[in-house]
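The structure appears below as structure tokens.
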Amino acid sequence: MRLKKEFITHESDGEQILVSSDTAAFSGLARSNSTAAFIINCLKKDTTVEEITERMAKEYDAPKDVIARDVARIIEQLKSIGALNL
């Protein structure tokens, strides 16, 4: 899975903004916190939910089940706006 090329990211003042350049997809922008930004950055290359979870477990001091739940939630939100190539 990978972030669609039509979705552009921009970081400003510690916040990441995701913008769609595809008029057929999500119209608008989505702001994300640092956790979601980490996940989105992972999705700039082909990856899996498991790989993202592992990378986050190395980066953040949190229980792996909590990380997995957060990753799944963000992935579902990105799917709902058509931001992912599955």
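Residues are referred to by chain and number: the chain letter is A, B, ... according to the order shown in the structure tokens, the number counts from 1 in that chain, and ligands are numbered separately from 1 in the order shown.
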For segment 56-64 of chain A, work out the shell of residues within 12 Å, counting only C-alpha atoms and skipping chain neighbours fewer than 6 positions away, then give it as a PyMOL selection string. chain A and resi 34-42+49-50+70-71
For Leu29 of chain A, please output as JSON, numbers by chain all residues within 10 Å (counting only C-alpha atoms; exclusion window: fewer than 5 positions along the same chain). {"A": [7, 8, 9, 17, 18, 19, 20, 21]}
Go ahead and write the selection's residues with all heavy atoms as a compact mmCIF listing (two decimals), in the first residue's frame.
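The new file out.txt reads:
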```txt
# COMPACT_ATOMS: atom_id res chain seq x y z
N PHE A 7 -1.85 12.99 -3.71
CA PHE A 7 -1.92 13.57 -2.37
C PHE A 7 -0.55 14.12 -2.00
O PHE A 7 0.44 13.40 -1.98
CB PHE A 7 -2.40 12.54 -1.35
CG PHE A 7 -3.88 12.33 -1.41
CD1 PHE A 7 -4.44 11.51 -2.39
CD2 PHE A 7 -4.73 12.95 -0.51
CE1 PHE A 7 -5.80 11.32 -2.47
CE2 PHE A 7 -6.10 12.76 -0.58
CZ PHE A 7 -6.64 11.96 -1.55
N ILE A 8 -0.51 15.40 -1.73
CA ILE A 8 0.73 16.12 -1.46
C ILE A 8 0.77 16.44 0.03
O ILE A 8 -0.23 16.84 0.61
CB ILE A 8 0.78 17.41 -2.29
CG1 ILE A 8 0.66 17.07 -3.78
CG2 ILE A 8 2.03 18.22 -2.00
CD1 ILE A 8 0.25 18.24 -4.64
N THR A 9 1.96 16.29 0.62
CA THR A 9 2.10 16.62 2.03
C THR A 9 2.97 17.87 2.18
O THR A 9 3.86 18.13 1.37
CB THR A 9 2.75 15.47 2.83
OG1 THR A 9 4.05 15.22 2.32
CG2 THR A 9 1.91 14.22 2.76
N ILE A 17 0.17 18.76 6.69
CA ILE A 17 -1.06 19.00 5.94
C ILE A 17 -1.03 18.10 4.72
O ILE A 17 -0.02 18.01 4.02
CB ILE A 17 -1.18 20.48 5.53
CG1 ILE A 17 -1.20 21.35 6.79
CG2 ILE A 17 -2.43 20.71 4.69
CD1 ILE A 17 -1.09 22.83 6.51
N LEU A 18 -2.14 17.42 4.46
CA LEU A 18 -2.29 16.52 3.32
C LEU A 18 -3.33 17.15 2.39
O LEU A 18 -4.45 17.45 2.82
CB LEU A 18 -2.77 15.15 3.81
CG LEU A 18 -2.94 14.03 2.81
CD1 LEU A 18 -1.59 13.65 2.22
CD2 LEU A 18 -3.57 12.83 3.49
N VAL A 19 -2.94 17.38 1.14
CA VAL A 19 -3.80 18.05 0.17
C VAL A 19 -3.96 17.16 -1.05
O VAL A 19 -2.99 16.59 -1.54
CB VAL A 19 -3.22 19.42 -0.26
CG1 VAL A 19 -4.13 20.12 -1.25
CG2 VAL A 19 -2.94 20.30 0.94
N SER A 20 -5.18 17.06 -1.56
CA SER A 20 -5.43 16.28 -2.77
C SER A 20 -5.39 17.20 -3.98
O SER A 20 -6.03 18.25 -4.00
CB SER A 20 -6.81 15.62 -2.70
OG SER A 20 -7.13 15.02 -3.93
N SER A 21 -4.64 16.78 -5.00
CA SER A 21 -4.62 17.52 -6.26
C SER A 21 -5.53 16.88 -7.29
O SER A 21 -5.59 17.31 -8.43
CB SER A 21 -3.18 17.60 -6.80
OG SER A 21 -2.71 16.31 -7.11
```
Report the distance between atom CA of Leu78 of chain A and atom CA of Ser32 of chain A in Å, rounded to one decimal place.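 Atom CA of Leu78 of chain A sits 11.2 Å away from atom CA of Ser32 of chain A.
Residue-level DSSP output for chain A, from the backbone, shows strand (DSSP E or B) at Arg2, Leu3, Phe7, Ile8, Thr9, His10, Glu11, Ser12, Glu15, Gln16, Ile17, Leu18, Val19, Ser20, Leu29, Ala30, Arg31, Ser32, Leu84 and Asn85 of chain A.
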Backbone DSSP call of helix (DSSP H, G or I) for segment 4-79 of chain A, listed as a PyMOL selection string: chain A and resi 34-42+49-59+64-79
Pick out the residues sitting within 8 Å of Leu43 of chain A, and hand them over as a count of residues only; count only C-alpha atoms, and ignore anything fewer than 3 positions along from it in its own chain. 7
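Pairwise distance (atom CA of Ala72 of chain A, atom CA of Glu51 of chain A) equals 12.1 Å.
For the choices A:Arg55, A:Gly28, A:Asp22, A:Glu76, the atom-to-atom distance to Lys4 of chain A is smallest for A:Asp22 when using only C-alpha atoms.
Note that the spacing between atom CA of Asp65 of chain A and atom CA of Glu11 of chain A amounts to 27.7 Å.
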Using only C-alpha atoms, find the one residue out of A:Ala30, A:Ala68, A:Glu6, A:Arg73 that sits nearest to Asn85 of chain A.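 Looking only at the distances to Asn85 of chain A, the closest residue turns out to be A:Glu6.
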